[in-house]
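Below you'll find the structure, written out as structure tokens, and then a few comments.
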Number of protein chains: 2
Amino acid sequence: MKQIIALLMACMFVSCQEKRQTGINETIHSIMNRTAIRNYHDKAISADTLELLLRAGMAAPSCVNLQPWELLVLTDKESREKVVRGLGCNDFVSTAPLVIIPCANMQKIFDGDTYNWMADLSAVSENILVAAQGLGLGGCWVGGWPNESRVSGLRREFGLPGHIIPVSVLPIGYPAEHPEPKDKWKPEKVHYNKW
Amino acid sequence: MKQIIALLMACMFVSCQEKRQTGINETIHSIMNRTAIRNYHDKAISADTLELLLRAGMAAPSCVNLQPWELLVLTDKESREKVVRGLGCNDFVSTAPLVIIPCANMQKIFDGDTYNWMADLSAVSENILVAAQGLGLGGCWVGGWPNESRVSGLRREFGLPGHIIPVSVLPIGYPAEHPEPKDKWKPEKVHYNKW
């Protein structure tokens, strides 16, 4: 009986070690396994999960910490159809239970900034997509700015003022497809200590 | 004795459940706890850990999957001093055991693209910083392009050709400071279904 207990305790120890190992790599796992998901189950995303995604987005770094972002969040059917009309493409976007459109607020950018806001809003977008992966969701990065036709279409559909620039369109839902993540590792693109 | 075994098994179950809960949130935790770290222990980053960071960077999404990036990786002292001379500021960068400079390769961008490459390279940069956080490291996003003086300084120091644009400079190391992450959650920046 003592041996059984010892065995069980050994199992617990190994299990904890394994979990710790898995744990250390879970962030890496989410980053490496994020891939474009365009088919979603017809299942709503809870308010708590949505808040985690939005908090993850707003945790992005920004130029001199100005946080020049606004998040347009679409959950109702009519809005999700508007976004497809605005984009003029990517019909699948309306089938996602959730669409987040990270926008730059040009009244809040660094004085004299030309394009640092594009870095800030891209970090917001990637944070949201990696967070979605970590929460068992799937999403896709559909480009907004600098595509003028998409930007003006989204402005028209949602009545966005001129200082609000939609930078990306992120449809998100529970994945109804499970494509292999692309292998993009190319060691020849790494340059050590010199060009 | 049966009760002891039952108790141990119950503990294992609870432990696994807890780990699973923690696990679910580890990606979110890394995203939410990433913050600028500018002080590093004098401890080298292993080749395996460095490869994870580089793989995380190259796992970023890109416009029509063109992956228009190159990663300049600085580990020797001379190169880390060059980068500070190139930037003309942010002296702390040379104290990091590792500096990664994600660059856009303008010969590999989408035909007619104006600035989608900025989104791609920003996603690379954020992936690397979130991965660093997940691996117990700390880093900082120092801007490159569109700051012309920094871009030309880095070009000069590293002999970068004209089609290579350094987008960010990421010093990374084991944190010798532990600042609280900024609370950037502002619910008033969320707009539901309409502007």
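Labels used: A, B, ... for chains in the order of the structure tokens, numbers from 1 for residues in each chain, and numbers from 1 for ligands as shown.
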Env of A:Gln107: 12 Å cut, atoms = only C-alpha atoms, seq-sep filter 2 positions within chain, self excluded. Answer as a PDB file with N, CA and C atoms, in the first residue's frame.
ATOM      1  N   LEU A  66       0.727  56.973 -25.273  1.00  0.00           N
ATOM      2  CA  LEU A  66      -0.465  57.795 -25.524  1.00  0.00           C
ATOM      3  C   LEU A  66      -1.729  56.959 -25.759  1.00  0.00           C
ATOM      4  N   GLN A  67      -1.574  55.658 -25.966  1.00  0.00           N
ATOM      5  CA  GLN A  67      -2.724  54.746 -26.110  1.00  0.00           C
ATOM      6  C   GLN A  67      -3.775  55.327 -27.079  1.00  0.00           C
ATOM      7  N   PRO A  68      -3.358  55.607 -28.320  1.00  0.00           N
ATOM      8  CA  PRO A  68      -4.255  56.345 -29.231  1.00  0.00           C
ATOM      9  C   PRO A  68      -5.259  55.437 -29.923  1.00  0.00           C
ATOM     10  N   TRP A  69      -5.949  54.595 -29.141  1.00  0.00           N
ATOM     11  CA  TRP A  69      -6.849  53.628 -29.759  1.00  0.00           C
ATOM     12  C   TRP A  69      -8.285  53.729 -29.265  1.00  0.00           C
ATOM     13  N   GLU A  70      -9.187  53.244 -30.108  1.00  0.00           N
ATOM     14  CA  GLU A  70     -10.610  53.060 -29.798  1.00  0.00           C
ATOM     15  C   GLU A  70     -10.960  51.693 -30.383  1.00  0.00           C
ATOM     16  N   CYS A 103      -9.267  50.976 -33.943  1.00  0.00           N
ATOM     17  CA  CYS A 103      -9.152  52.228 -34.707  1.00  0.00           C
ATOM     18  C   CYS A 103      -8.136  53.149 -34.043  1.00  0.00           C
ATOM     19  N   ALA A 104      -7.440  53.927 -34.875  1.00  0.00           N
ATOM     20  CA  ALA A 104      -6.562  54.970 -34.342  1.00  0.00           C
ATOM     21  C   ALA A 104      -7.383  56.240 -34.146  1.00  0.00           C
ATOM     22  N   ASN A 105      -7.172  56.894 -33.012  1.00  0.00           N
ATOM     23  CA  ASN A 105      -7.789  58.196 -32.757  1.00  0.00           C
ATOM     24  C   ASN A 105      -6.713  59.250 -33.008  1.00  0.00           C
ATOM     25  N   ILE A 109      -2.757  61.103 -30.956  1.00  0.00           N
ATOM     26  CA  ILE A 109      -1.417  60.616 -31.289  1.00  0.00           C
ATOM     27  C   ILE A 109      -0.354  61.615 -30.850  1.00  0.00           C
ATOM     28  N   PHE A 110       0.877  61.130 -30.832  1.00  0.00           N
ATOM     29  CA  PHE A 110       2.043  61.934 -30.479  1.00  0.00           C
ATOM     30  C   PHE A 110       2.150  63.101 -31.453  1.00  0.00           C
ATOM     31  N   ASP A 111       2.401  64.289 -30.905  1.00  0.00           N
ATOM     32  CA  ASP A 111       2.500  65.485 -31.732  1.00  0.00           C
ATOM     33  C   ASP A 111       3.585  65.306 -32.798  1.00  0.00           C
ATOM     34  N   GLY A 112       3.183  65.442 -34.042  1.00  0.00           N
ATOM     35  CA  GLY A 112       4.153  65.321 -35.130  1.00  0.00           C
ATOM     36  C   GLY A 112       4.374  63.882 -35.577  1.00  0.00           C
ATOM     37  N   ASP A 113       3.664  62.945 -34.957  1.00  0.00           N
ATOM     38  CA  ASP A 113       3.806  61.531 -35.345  1.00  0.00           C
ATOM     39  C   ASP A 113       3.320  61.353 -36.789  1.00  0.00           C
ATOM     40  N   TRP A 117       1.448  55.477 -34.805  1.00  0.00           N
ATOM     41  CA  TRP A 117       0.112  54.978 -34.429  1.00  0.00           C
ATOM     42  C   TRP A 117      -0.192  53.668 -35.133  1.00  0.00           C
ATOM     43  N   PRO A 161     -16.045  59.466 -37.523  1.00  0.00           N
ATOM     44  CA  PRO A 161     -15.525  60.797 -37.863  1.00  0.00           C
ATOM     45  C   PRO A 161     -14.143  60.702 -38.509  1.00  0.00           C
ATOM     46  N   GLY A 162     -13.729  61.812 -39.137  1.00  0.00           N
ATOM     47  CA  GLY A 162     -12.498  61.823 -39.930  1.00  0.00           C
ATOM     48  C   GLY A 162     -11.245  61.494 -39.133  1.00  0.00           C
ATOM     49  N   HIS A 163     -11.256  61.753 -37.831  1.00  0.00           N
ATOM     50  CA  HIS A 163     -10.029  61.504 -37.050  1.00  0.00           C
ATOM     51  C   HIS A 163      -9.952  60.063 -36.545  1.00  0.00           C
ATOM     52  N   ILE A 164     -10.945  59.242 -36.904  1.00  0.00           N
ATOM     53  CA  ILE A 164     -10.940  57.842 -36.482  1.00  0.00           C
ATOM     54  C   ILE A 164     -10.602  56.960 -37.691  1.00  0.00           C
ATOM     55  N   ILE A 165      -9.476  56.249 -37.597  1.00  0.00           N
ATOM     56  CA  ILE A 165      -8.998  55.425 -38.715  1.00  0.00           C
ATOM     57  C   ILE A 165      -9.074  53.940 -38.344  1.00  0.00           C
TER      58      ILE A 165
END
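Excluding stretch 44-59 of chain A and any residue on its chain fewer than 5 positions from it, the residues at most 7 Å away by only C-alpha atoms are A:Pro97, A:Val124, A:Ser125, A:Asn127, A:Ile128, A:Ala131, A:Ala132, B:Ile28, B:Ile31, B:Met32, B:Lys184, B:Trp185.
With chain B fixed and chain A moved onto it by least squares, the Cα RMSD over every paired residue reaches 0.5 Å.
With distances restricted to only C-alpha atoms, B:Ile37 is the closest residue to B:Pro175 from B:Ala60, B:Leu129, B:Ile37, B:Ile100.
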task = For chain A, list the residues within 7 Å of chain B, counting only C-alpha atoms, and write the list as a count of residues only.
result = 48
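Per DSSP on the backbone, strand (DSSP E or B) in stretch 14-152 of chain B comprises Tyr40, Trp69, Glu70, Leu71, Leu72, Val73, Leu74, Leu98, Val99, Ile100, Ile101, Pro102, Cys103, Ala104, Asn105, Gly138, Gly139, Val142, Gly143, Gly144 and Pro146 of chain B.
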DSSP-assigned alpha helix (DSSP H) members of stretch 50-84 of chain A, reported as an NGL selection string = :A and (50-58 or 77-84)
Using the selection just defined, write its residues with C-alpha atoms as an mmCIF file, in the first residue's frame.
data_model
loop_
_atom_site.group_PDB
_atom_site.id
_atom_site.type_symbol
_atom_site.label_atom_id
_atom_site.label_comp_id
_atom_site.auth_asym_id
_atom_site.auth_seq_id
_atom_site.Cartn_x
_atom_site.Cartn_y
_atom_site.Cartn_z
ATOM 1 C CA LEU A 50 -14.934 39.568 -24.597
ATOM 2 C CA GLU A 51 -13.604 41.772 -21.797
ATOM 3 C CA LEU A 52 -10.386 39.695 -21.651
ATOM 4 C CA LEU A 53 -9.890 40.241 -25.390
ATOM 5 C CA LEU A 54 -10.461 43.985 -25.067
ATOM 6 C CA ARG A 55 -8.156 44.241 -22.031
ATOM 7 C CA ALA A 56 -5.480 42.299 -23.928
ATOM 8 C CA GLY A 57 -5.808 44.762 -26.802
ATOM 9 C CA MET A 58 -5.464 47.778 -24.531
ATOM 10 C CA LYS A 77 -26.190 40.804 -36.890
ATOM 11 C CA GLU A 78 -26.907 44.144 -38.546
ATOM 12 C CA SER A 79 -23.498 45.564 -37.568
ATOM 13 C CA ARG A 80 -21.711 42.478 -38.789
ATOM 14 C CA GLU A 81 -23.416 42.870 -42.160
ATOM 15 C CA LYS A 82 -22.476 46.536 -42.245
ATOM 16 C CA VAL A 83 -18.808 45.678 -41.859
ATOM 17 C CA VAL A 84 -18.885 43.429 -44.944
#
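Among the candidates B:Val169, B:Ala96, B:Leu137, B:Leu87, the residue lying nearest to B:Gly153 is B:Leu87 (atoms considered: only C-alpha atoms).
Candidate residues B:Val64, B:Val151, B:Leu170, B:Ala176 were compared for distance to B:Leu98, and the nearest is B:Leu170, using only C-alpha atoms.
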